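The data block below is protein_9.pdb; it holds PDB, C-alpha atoms and all ligand atoms.
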ATOM      1  CA  MET A 710      22.527  18.277  63.819  1.00  0.00           C
ATOM      2  CA  PHE A 711      24.000  21.168  65.821  1.00  0.00           C
ATOM      3  CA  LYS A 712      23.116  19.441  69.052  1.00  0.00           C
ATOM      4  CA  ASP A 713      24.817  16.341  67.666  1.00  0.00           C
ATOM      5  CA  ASP A 714      28.012  18.186  66.905  1.00  0.00           C
ATOM      6  CA  SER A 715      28.180  19.863  70.301  1.00  0.00           C
ATOM      7  CA  THR A 716      27.946  16.400  71.896  1.00  0.00           C
ATOM      8  CA  ARG A 717      30.702  15.238  69.598  1.00  0.00           C
ATOM      9  CA  ARG A 718      32.947  18.201  70.382  1.00  0.00           C
ATOM     10  CA  GLU A 719      32.384  17.851  74.095  1.00  0.00           C
ATOM     11  CA  LEU A 720      33.422  14.196  74.007  1.00  0.00           C
ATOM     12  CA  GLU A 721      36.326  15.033  71.700  1.00  0.00           C
ATOM     13  CA  ASN A 722      37.654  17.640  74.140  1.00  0.00           C
ATOM     14  CA  GLN A 723      37.381  15.206  77.008  1.00  0.00           C
ATOM     15  CA  MET A 724      39.135  12.456  75.022  1.00  0.00           C
ATOM     16  CA  LYS A 725      41.886  14.895  74.006  1.00  0.00           C
ATOM     17  CA  LYS A 726      42.443  15.761  77.664  1.00  0.00           C
ATOM     18  CA  GLU A 727      42.767  12.074  78.412  1.00  0.00           C
ATOM     19  CA  GLY A 728      45.350  11.733  75.623  1.00  0.00           C
ATOM     20  CA  ARG A 729      43.194   9.322  73.650  1.00  0.00           C
ATOM     21  CA  ILE A 730      42.992  11.305  70.402  1.00  0.00           C
ATOM     22  CA  PRO A 731      46.263  11.103  68.447  1.00  0.00           C
ATOM     23  CA  PRO A 732      47.663  14.289  66.874  1.00  0.00           C
ATOM     24  CA  GLY A 733      45.829  15.474  63.755  1.00  0.00           C
ATOM     25  CA  GLN A 734      42.747  13.322  64.441  1.00  0.00           C
ATOM     26  CA  SER A 735      39.178  14.267  65.275  1.00  0.00           C
ATOM     27  CA  LEU A 736      36.487  12.239  66.921  1.00  0.00           C
ATOM     28  CA  THR A 737      33.633  10.784  64.910  1.00  0.00           C
ATOM     29  CA  LEU A 738      30.509   9.197  66.335  1.00  0.00           C
ATOM     30  CA  LYS A 739      29.466   7.559  63.062  1.00  0.00           C
ATOM     31  CA  PHE A 740      31.519   4.701  61.689  1.00  0.00           C
ATOM     32  CA  PRO A 741      32.854   5.665  58.209  1.00  0.00           C
ATOM     33  CA  VAL A 742      33.333   3.039  55.500  1.00  0.00           C
ATOM     34  CA  LEU A 743      36.587   2.917  53.539  1.00  0.00           C
ATOM     35  CA  THR A 744      37.033   0.068  51.096  1.00  0.00           C
ATOM     36  CA  TYR A 745      39.105  -0.060  47.931  1.00  0.00           C
ATOM     37  CA  GLY A 746      36.865  -1.842  45.431  1.00  0.00           C
ATOM     38  CA  GLY A 747      33.638  -3.625  46.282  1.00  0.00           C
ATOM     39  CA  ASN A 748      32.690  -5.975  49.083  1.00  0.00           C
ATOM     40  CA  PRO A 749      33.725  -9.493  48.042  1.00  0.00           C
ATOM     41  CA  LYS A 750      30.920 -12.048  48.084  1.00  0.00           C
ATOM     42  CA  PHE A 751      31.327 -14.942  50.476  1.00  0.00           C
ATOM     43  CA  ASP A 752      29.570 -18.153  51.368  1.00  0.00           C
ATOM     44  CA  LEU A 753      30.232 -19.470  54.860  1.00  0.00           C
ATOM     45  CA  THR A 754      29.574 -23.049  53.750  1.00  0.00           C
ATOM     46  CA  ASN A 755      32.768 -23.044  51.662  1.00  0.00           C
ATOM     47  CA  TRP A 756      34.673 -20.214  53.344  1.00  0.00           C
ATOM     48  CA  ASP A 757      38.013 -21.102  54.899  1.00  0.00           C
ATOM     49  CA  PHE A 758      40.798 -19.447  56.833  1.00  0.00           C
ATOM     50  CA  LYS A 759      44.434 -20.383  56.290  1.00  0.00           C
ATOM     51  CA  VAL A 760      47.626 -19.797  58.256  1.00  0.00           C
ATOM     52  CA  TRP A 761      50.994 -20.511  56.664  1.00  0.00           C
ATOM     53  CA  GLY A 762      54.661 -19.536  56.590  1.00  0.00           C
ATOM     54  CA  GLU A 763      56.865 -19.547  59.672  1.00  0.00           C
ATOM     55  CA  VAL A 764      54.676 -21.861  61.746  1.00  0.00           C
ATOM     56  CA  ASP A 765      55.200 -25.401  63.024  1.00  0.00           C
ATOM     57  CA  THR A 766      51.847 -26.497  61.583  1.00  0.00           C
ATOM     58  CA  ARG A 767      50.121 -24.854  58.615  1.00  0.00           C
ATOM     59  CA  MET A 768      46.445 -24.888  59.381  1.00  0.00           C
ATOM     60  CA  LYS A 769      43.131 -24.340  57.645  1.00  0.00           C
ATOM     61  CA  TRP A 770      39.785 -23.828  59.342  1.00  0.00           C
ATOM     62  CA  THR A 771      36.195 -23.839  58.176  1.00  0.00           C
ATOM     63  CA  TRP A 772      33.998 -21.011  59.484  1.00  0.00           C
ATOM     64  CA  ASP A 773      32.582 -23.269  62.220  1.00  0.00           C
ATOM     65  CA  GLY A 774      36.038 -24.586  63.061  1.00  0.00           C
ATOM     66  CA  LEU A 775      37.428 -21.088  63.435  1.00  0.00           C
ATOM     67  CA  MET A 776      34.463 -19.987  65.550  1.00  0.00           C
ATOM     68  CA  ALA A 777      35.167 -22.911  67.899  1.00  0.00           C
ATOM     69  CA  LEU A 778      38.544 -21.375  68.857  1.00  0.00           C
ATOM     70  CA  PRO A 779      38.849 -19.342  72.076  1.00  0.00           C
ATOM     71  CA  GLN A 780      37.087 -16.001  71.717  1.00  0.00           C
ATOM     72  CA  LYS A 781      37.562 -12.686  73.371  1.00  0.00           C
ATOM     73  CA  SER A 782      35.727  -9.350  73.599  1.00  0.00           C
ATOM     74  CA  ILE A 783      37.541  -6.025  73.830  1.00  0.00           C
ATOM     75  CA  LYS A 784      36.807  -2.308  74.030  1.00  0.00           C
ATOM     76  CA  VAL A 785      39.258  -0.170  72.061  1.00  0.00           C
ATOM     77  CA  ASP A 786      39.788   3.170  70.320  1.00  0.00           C
ATOM     78  CA  ILE A 787      40.424   3.124  66.559  1.00  0.00           C
ATOM     79  CA  HIS A 788      42.183   5.668  64.348  1.00  0.00           C
ATOM     80  CA  CYS A 789      42.021   6.086  60.582  1.00  0.00           C
ATOM     81  CA  VAL A 790      44.736   7.793  58.578  1.00  0.00           C
ATOM     82  CA  THR A 791      42.001   9.917  56.941  1.00  0.00           C
ATOM     83  CA  ARG A 792      41.894  11.682  60.355  1.00  0.00           C
ATOM     84  CA  TRP A 793      38.922  10.203  62.185  1.00  0.00           C
ATOM     85  CA  SER A 794      39.065   8.366  65.485  1.00  0.00           C
ATOM     86  CA  MET A 795      36.376   6.480  67.392  1.00  0.00           C
ATOM     87  CA  VAL A 796      36.505   5.701  71.085  1.00  0.00           C
ATOM     88  CA  ASP A 797      35.193   2.772  73.110  1.00  0.00           C
ATOM     89  CA  THR A 798      34.311   0.496  70.209  1.00  0.00           C
ATOM     90  CA  HIS A 799      33.386  -3.080  71.171  1.00  0.00           C
ATOM     91  CA  TRP A 800      34.546  -6.105  69.223  1.00  0.00           C
ATOM     92  CA  THR A 801      34.440  -9.887  69.631  1.00  0.00           C
ATOM     93  CA  GLY A 802      36.523 -12.424  67.788  1.00  0.00           C
ATOM     94  CA  VAL A 803      39.138 -15.139  67.861  1.00  0.00           C
ATOM     95  CA  ASP A 804      41.940 -14.450  70.318  1.00  0.00           C
ATOM     96  CA  ILE A 805      45.020 -14.143  68.116  1.00  0.00           C
ATOM     97  CA  LEU A 806      47.359 -15.354  70.877  1.00  0.00           C
ATOM     98  CA  GLU A 807      45.403 -18.614  71.116  1.00  0.00           C
ATOM     99  CA  LEU A 808      45.543 -19.094  67.356  1.00  0.00           C
ATOM    100  CA  ALA A 809      49.286 -18.389  67.407  1.00  0.00           C
ATOM    101  CA  LYS A 810      49.746 -21.133  70.026  1.00  0.00           C
ATOM    102  CA  LEU A 811      47.798 -23.636  67.916  1.00  0.00           C
ATOM    103  CA  VAL A 812      49.893 -23.135  64.780  1.00  0.00           C
ATOM    104  CA  GLY A 813      53.140 -22.720  66.724  1.00  0.00           C
ATOM    105  CA  VAL A 814      54.450 -19.418  65.380  1.00  0.00           C
ATOM    106  CA  ARG A 815      58.215 -19.795  65.068  1.00  0.00           C
ATOM    107  CA  SER A 816      60.743 -17.347  66.449  1.00  0.00           C
ATOM    108  CA  SER A 817      61.901 -16.855  62.844  1.00  0.00           C
ATOM    109  CA  ALA A 818      58.588 -15.083  62.102  1.00  0.00           C
ATOM    110  CA  LYS A 819      59.255 -11.341  62.148  1.00  0.00           C
ATOM    111  CA  TYR A 820      56.256 -10.109  60.128  1.00  0.00           C
ATOM    112  CA  VAL A 821      52.698 -11.104  59.456  1.00  0.00           C
ATOM    113  CA  ILE A 822      50.841 -10.381  56.230  1.00  0.00           C
ATOM    114  CA  ALA A 823      47.040 -10.440  56.280  1.00  0.00           C
ATOM    115  CA  HIS A 824      45.525 -11.693  53.005  1.00  0.00           C
ATOM    116  CA  CYS A 825      41.967 -10.728  52.075  1.00  0.00           C
ATOM    117  CA  ASP A 826      39.317 -11.715  49.588  1.00  0.00           C
ATOM    118  CA  GLY A 827      39.619  -9.290  46.712  1.00  0.00           C
ATOM    119  CA  GLY A 828      43.414  -9.206  46.971  1.00  0.00           C
ATOM    120  CA  TYR A 829      43.951  -6.563  49.683  1.00  0.00           C
ATOM    121  CA  THR A 830      46.967  -7.237  51.887  1.00  0.00           C
ATOM    122  CA  THR A 831      48.581  -5.460  54.806  1.00  0.00           C
ATOM    123  CA  ASN A 832      51.840  -6.155  56.640  1.00  0.00           C
ATOM    124  CA  LEU A 833      52.664  -5.811  60.320  1.00  0.00           C
ATOM    125  CA  PRO A 834      55.621  -6.437  62.606  1.00  0.00           C
ATOM    126  CA  ILE A 835      55.007  -9.602  64.588  1.00  0.00           C
ATOM    127  CA  GLU A 836      55.203  -7.797  67.943  1.00  0.00           C
ATOM    128  CA  ASP A 837      52.307  -5.506  67.006  1.00  0.00           C
ATOM    129  CA  PHE A 838      50.226  -8.432  65.797  1.00  0.00           C
ATOM    130  CA  LEU A 839      50.797 -11.045  68.495  1.00  0.00           C
ATOM    131  CA  ASP A 840      49.376  -8.894  71.250  1.00  0.00           C
ATOM    132  CA  ASP A 841      46.448  -9.064  73.639  1.00  0.00           C
ATOM    133  CA  ASP A 842      44.456  -6.338  71.843  1.00  0.00           C
ATOM    134  CA  VAL A 843      44.424  -8.127  68.478  1.00  0.00           C
ATOM    135  CA  LEU A 844      41.463 -10.181  67.254  1.00  0.00           C
ATOM    136  CA  LEU A 845      40.100 -11.895  64.204  1.00  0.00           C
ATOM    137  CA  ALA A 846      36.869 -10.002  64.699  1.00  0.00           C
ATOM    138  CA  HIS A 847      33.432 -11.161  63.552  1.00  0.00           C
ATOM    139  CA  THR A 848      31.255  -9.021  65.842  1.00  0.00           C
ATOM    140  CA  TYR A 849      31.021  -5.247  66.246  1.00  0.00           C
ATOM    141  CA  GLU A 850      28.840  -3.696  68.970  1.00  0.00           C
ATOM    142  CA  GLY A 851      27.145  -7.034  69.555  1.00  0.00           C
ATOM    143  CA  GLU A 852      26.174  -7.611  65.922  1.00  0.00           C
ATOM    144  CA  PRO A 853      27.868  -9.534  63.110  1.00  0.00           C
ATOM    145  CA  ILE A 854      30.247  -7.208  61.242  1.00  0.00           C
ATOM    146  CA  THR A 855      28.411  -5.788  58.206  1.00  0.00           C
ATOM    147  CA  PRO A 856      29.699  -6.350  54.658  1.00  0.00           C
ATOM    148  CA  ASP A 857      30.890  -2.725  54.471  1.00  0.00           C
ATOM    149  CA  HIS A 858      33.006  -3.190  57.585  1.00  0.00           C
ATOM    150  CA  GLY A 859      34.552  -6.486  56.494  1.00  0.00           C
ATOM    151  CA  ALA A 860      32.131  -9.395  56.867  1.00  0.00           C
ATOM    152  CA  PRO A 861      32.507 -12.098  57.741  1.00  0.00           C
ATOM    153  CA  LEU A 862      35.883 -11.502  59.415  1.00  0.00           C
ATOM    154  CA  ARG A 863      38.485  -8.769  59.798  1.00  0.00           C
ATOM    155  CA  THR A 864      41.673  -8.412  61.729  1.00  0.00           C
ATOM    156  CA  LEU A 865      41.524  -5.771  64.432  1.00  0.00           C
ATOM    157  CA  VAL A 866      44.817  -4.106  65.317  1.00  0.00           C
ATOM    158  CA  PRO A 867      43.714  -0.972  67.164  1.00  0.00           C
ATOM    159  CA  LYS A 868      47.182   0.332  68.042  1.00  0.00           C
ATOM    160  CA  LEU A 869      47.924   1.066  64.355  1.00  0.00           C
ATOM    161  CA  TYR A 870      46.048   3.145  61.764  1.00  0.00           C
ATOM    162  CA  PHE A 871      42.930   1.335  60.652  1.00  0.00           C
ATOM    163  CA  TRP A 872      44.196   0.371  57.191  1.00  0.00           C
ATOM    164  CA  LYS A 873      46.205  -2.284  59.099  1.00  0.00           C
ATOM    165  CA  SER A 874      42.900  -3.891  60.193  1.00  0.00           C
ATOM    166  CA  ALA A 875      42.179  -6.103  57.194  1.00  0.00           C
ATOM    167  CA  LYS A 876      38.546  -6.565  56.174  1.00  0.00           C
ATOM    168  CA  PHE A 877      37.343  -9.778  54.459  1.00  0.00           C
ATOM    169  CA  VAL A 878      40.464 -11.509  55.803  1.00  0.00           C
ATOM    170  CA  ARG A 879      41.028 -15.092  54.643  1.00  0.00           C
ATOM    171  CA  GLY A 880      44.540 -15.874  55.763  1.00  0.00           C
ATOM    172  CA  LEU A 881      47.659 -14.977  57.680  1.00  0.00           C
ATOM    173  CA  GLU A 882      51.175 -15.433  56.393  1.00  0.00           C
ATOM    174  CA  PHE A 883      53.970 -15.446  58.963  1.00  0.00           C
ATOM    175  CA  SER A 884      57.201 -14.362  57.310  1.00  0.00           C
ATOM    176  CA  THR A 885      60.905 -13.854  57.963  1.00  0.00           C
ATOM    177  CA  VAL A 886      60.893 -10.902  55.543  1.00  0.00           C
ATOM    178  CA  ASP A 887      58.622  -7.894  55.325  1.00  0.00           C
ATOM    179  CA  LYS A 888      56.161  -7.715  52.416  1.00  0.00           C
ATOM    180  CA  PRO A 889      54.603  -4.256  52.116  1.00  0.00           C
ATOM    181  CA  GLY A 890      50.851  -4.522  51.488  1.00  0.00           C
ATOM    182  CA  PHE A 891      48.365  -2.683  49.299  1.00  0.00           C
ATOM    183  CA  TRP A 892      48.476   0.777  50.889  1.00  0.00           C
ATOM    184  CA  GLU A 893      52.048   0.376  52.095  1.00  0.00           C
ATOM    185  CA  GLN A 894      53.101  -0.025  48.435  1.00  0.00           C
ATOM    186  CA  GLY A 895      50.841   2.916  47.610  1.00  0.00           C
ATOM    187  CA  GLY A 896      52.758   5.369  49.785  1.00  0.00           C
ATOM    188  CA  TYR A 897      51.340   4.832  53.262  1.00  0.00           C
ATOM    189  CA  HIS A 898      53.794   4.448  56.103  1.00  0.00           C
ATOM    190  CA  ASN A 899      55.077   0.915  56.559  1.00  0.00           C
ATOM    191  CA  HIS A 900      54.312   0.903  60.298  1.00  0.00           C
ATOM    192  CA  GLY A 901      51.402   3.306  60.932  1.00  0.00           C
ATOM    193  CA  ASP A 902      51.477   4.263  64.626  1.00  0.00           C
ATOM    194  CA  PRO A 903      48.789   6.978  65.017  1.00  0.00           C
ATOM    195  CA  PHE A 904      50.399   8.508  68.111  1.00  0.00           C
ATOM    196  CA  LYS A 905      53.626   9.017  66.128  1.00  0.00           C
ATOM    197  CA  GLU A 906      51.625  10.221  63.099  1.00  0.00           C
ATOM    198  CA  GLU A 907      53.185   7.582  60.883  1.00  0.00           C
ATOM    199  CA  ARG A 908      50.753   8.370  58.043  1.00  0.00           C
ATOM    200  CA  TYR A 909      52.777   8.323  54.850  1.00  0.00           C
ATOM    201  CA  ALA A 910      56.144   6.929  53.877  1.00  0.00           C
ATOM    202  CA  PRO A 911      58.907   9.497  54.190  1.00  0.00           C
ATOM    203  CA  ARG A 912      59.793  10.893  50.782  1.00  0.00           C
ATOM    204  CA  ASN A 913      62.969   9.210  49.794  1.00  0.00           C
ATOM    205  CA  ASN A 914      63.566  11.152  46.629  1.00  0.00           C
ATOM    206  CA  PHE A 915      66.495  13.565  46.823  1.00  0.00           C
ATOM    207  CA  PHE A 916      64.871  16.033  44.414  1.00  0.00           C
ATOM    208  CA  PHE A 917      61.712  16.351  46.496  1.00  0.00           C
ATOM    209  CA  ARG A 918      63.245  16.687  49.932  1.00  0.00           C
TER     210      ARG A 918
HETATM  211  N1  LIG B1001      40.205  -5.973  52.576  1.00  0.00           N
HETATM  212  C1  LIG B1001      40.271  -4.668  52.831  1.00  0.00           C
HETATM  213  N2  LIG B1001      40.555  -4.285  54.094  1.00  0.00           N
HETATM  214  C2  LIG B1001      40.648  -2.971  54.386  1.00  0.00           C
HETATM  215  C3  LIG B1001      40.476  -1.987  53.387  1.00  0.00           C
HETATM  216  C4  LIG B1001      40.186  -2.418  52.071  1.00  0.00           C
HETATM  217  O1  LIG B1001      40.019  -1.621  51.146  1.00  0.00           O
HETATM  218  N3  LIG B1001      40.085  -3.772  51.832  1.00  0.00           N
HETATM  219  N4  LIG B1001      40.601  -0.655  53.705  1.00  0.00           N
HETATM  220  C5  LIG B1001      41.406  -0.358  54.884  1.00  0.00           C
HETATM  221  C6  LIG B1001      41.310   1.030  55.245  1.00  0.00           C
HETATM  222  S1  LIG B1001      42.217   2.124  54.311  1.00  0.00           S
HETATM  223  C7  LIG B1001      40.629   1.428  56.348  1.00  0.00           C
HETATM  224  S2  LIG B1001      40.700   3.026  56.899  1.00  0.00           S
HETATM  225  C8  LIG B1001      39.764   0.488  57.092  1.00  0.00           C
HETATM  226  C9  LIG B1001      38.356   1.021  57.090  1.00  0.00           C
HETATM  227  O2  LIG B1001      37.515   0.190  57.814  1.00  0.00           O
HETATM  228  P1  LIG B1001      35.977   0.564  57.886  1.00  0.00           P
HETATM  229  O3  LIG B1001      35.463   0.653  56.468  1.00  0.00           O
HETATM  230  O4  LIG B1001      35.344  -0.514  58.693  1.00  0.00           O
HETATM  231  O5  LIG B1001      35.890   1.914  58.562  1.00  0.00           O
HETATM  232  O6  LIG B1001      39.779  -0.814  56.558  1.00  0.00           O
HETATM  233  C10 LIG B1001      41.026  -1.238  56.060  1.00  0.00           C
HETATM  234  N5  LIG B1001      40.936  -2.618  55.664  1.00  0.00           N
HETATM  235 MO    MO B1002      42.120   4.176  55.436  1.00  0.00          MO
END

Represent the structure contained in this file as C-alpha cells.
Ligand SMILES: Nc1nc2c(c(=O)[nH]1)N[C@H]1C(S)=C(S)[C@@H](COP(=O)(O)O)O[C@H]1N2
Ligand SMILES: [Mo]
Amino acid sequence: MFKDDSTRRELENQMKKEGRIPPGQSLTLKFPVLTYGGNPKFDLTNWDFKVWGEVDTRMKWTWDGLMALPQKSIKVDIHCVTRWSMVDTHWTGVDILELAKLVGVRSSAKYVIAHCDGGYTTNLPIEDFLDDDVLLAHTYEGEPITPDHGAPLRTLVPKLYFWKSAKFVRGLEFSTVDKPGFWEQGGYHNHGDPFKEERYAPRNNFFFR
C-alpha cells in the first residue's frame, strides 16, 4: 500500500509539473464510482438512442445501428469535482462530430442536454460538446464499460468536470435555450471547467455573500 502511494505521488508530481492536474485535484490510480441512485437495467435488444431538437433530422438508432457509425479511440485525462483526476485513460466510442453531421445540427443549437436512463441529465454549451475529444463511449481500457461506469453507453467530455459525462445515456437534445441538469440544478457550476475550478455555482444570495 505504501509502495502504491509513493508511485501515485511520483506520477502526481510529474503530472503537476506538466500542468495536467487542475488546481485542487489529486491523482488517483483507481477509478472511483459516483452514481446518484442505482444502475438502470438495460436490454440491448430493445435499447435505442435518440437525437432531437435543433437538428435537420431527428434520428433514432438501435444499439447495432449506433455501433455502425464511425468510431474513434482517444486517450484523455479526466477530472471529478470531488477532487480526483486520472491521466491517460483510453476510451472508444461513436465520434460525436460524425453523429452531428448525420442529424444536421442547426446553427440555432446553442446547448446540448444529455438524457439518461434513470432520469439524470446534464447540460453543455454546444462548443464544448461538438469537439474532437467528445465521444459516445462504450469501451474503457479495451473492455465494455461496466454498469458502474455507465454501461452500455456514456458521453465522454473530458475537458469539463466528470459529472458532465453522462452515464447510461439514451439521448441528446439540441436546444436554443440552456436547461440546467441534475447537478447543475443542485448547486454545481453550470459550466464546470476544471482548470478554472468551476465547481459550484456562485452564491447569488445577497445575505450570504
Ligand atoms: N446517468 C448518470 N450519469 C452520471 C452520474 C449519475 O449519477 N448518473 N454521475 C456523474 C458524476 S457526479 C460523476 S463524477 C461521474 C462519475 O463517473 P464514474 O462513476 O464512472 O467515475 O459520472 C457522472 N455521470
Ligand atoms: Mo461527481

Next item on the list: Pick out the residues no farther than 6 Å from ligand LIG 1001 (chain B), counting all atoms listed in the file, and list them as a PyMOL selection string.
Entry: chain A and resi 741-745+789+825+829+858+871-872+874-877

May I have a table of the residues of region 814-911 of chain A lying at most 12 Å from region 770-774 of chain A, giving each one's closest pair of atoms and their distance in Å to one decimal, counting all atoms listed in the file, ordered by chain and ascending residue number, as a Markdown table?
| residue | atom | partner | partner_atom | distance |
| --- | --- | --- | --- | --- |
| A:Leu845 | CA | A:Trp772 | CA | 11.9 |
| A:His847 | CA | A:Trp772 | CA | 10.7 |
| A:Pro861 | CA | A:Trp772 | CA | 9.2 |
| A:Leu862 | CA | A:Trp772 | CA | 9.7 |
| A:Arg879 | CA | A:Trp770 | CA | 10.0 |
| A:Gly880 | CA | A:Trp770 | CA | 9.9 |
| A:Leu881 | CA | A:Trp770 | CA | 12.0 |

Margin query: Going by the chain IDs and residue numbers used in this file, which residues fall under the PyMOL selection byres (((chain A and resi 843) around 10) and not hetatm)? Write them as a PyMOL selection string.
Written below: chain A and resi 781+783+802-806+837-842+844-846+864-868+874

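Distance annotation: of A:Leu833, A:Val790, A:Val886, A:Leu869, the residue with the minimal separation from ligand MO 1002 (chain B) is A:Val790; atom set is all atoms listed in the file.
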
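Comparing A:Thr885, A:Asn722, A:Thr831, A:Ser782 by their smallest distance to ligand MO 1002 (chain B), the closest is A:Thr831 (using only C-alpha atoms and all ligand atoms).
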
Checklist line | Residue members of the PyMOL selection byres (((chain A and resi 762) around 8) and not hetatm) in the file shown, as a list of chain:residue names | finding: A:Val760, A:Trp761, A:Glu763, A:Val764, A:Arg767, A:Glu882, A:Phe883, A:Ser884

Next item on the list: Write out as a PyMOL selection string the residues lying within 12 Å of Thr791 (chain A), counting all atoms listed in the file and excluding same-chain residues fewer than 4 positions away.
Entry: chain A and resi 733-737+741-743+787+870-872+897+903+906+908-909

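Closest to ligand MO 1002 (chain B) among A:Gly895, A:Pro779, A:Gly828, A:Pro889 is A:Gly895, based on all atoms listed in the file.
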
Check: Residues picked by the PyMOL selection byres (((chain A and resi 819) around 6) and not hetatm) here, as an MDAnalysis selection string?
Finding: chainID A and resid 818 820 835 885

Notebook entry, point to check: Can you tell me, as a PyMOL selection string, what residues are no more than 7 Å from Gly896 (chain A) when counting all atoms listed in the file, ignoring any on the same chain fewer than 3 positions away?
Noted result: chain A and resi 892-893+909-910

Next item on the list: Go through A:Gly901, A:Glu850, A:Thr716, A:Val821 and flag the residue nearest ligand MO 1002 (chain B), using all atoms listed in the file for the distances.
Entry: A:Gly901

Notebook entry, point to check: Which distance in Å separates CA of Lys873 (chain A) and CA of Glu907 (chain A), to one decimal?
Noted result: 12.2 Å

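Compared by their closest atoms to Gly813 (chain A), and using all atoms listed in the file, the residues A:Val785, A:Met768, A:Ile730, A:Ala777 rank with A:Met768 nearest.
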
Notebook entry, point to check: Pick from A:Ser817, A:Asn748, A:Asn755, A:Asn899: nearest to Pro856 (chain A), with only C-alpha atoms counted?
Noted result: A:Asn748

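As for CA of Lys759 (chain A) and CA of Gly851 (chain A), they are spaced 25.6 Å apart.
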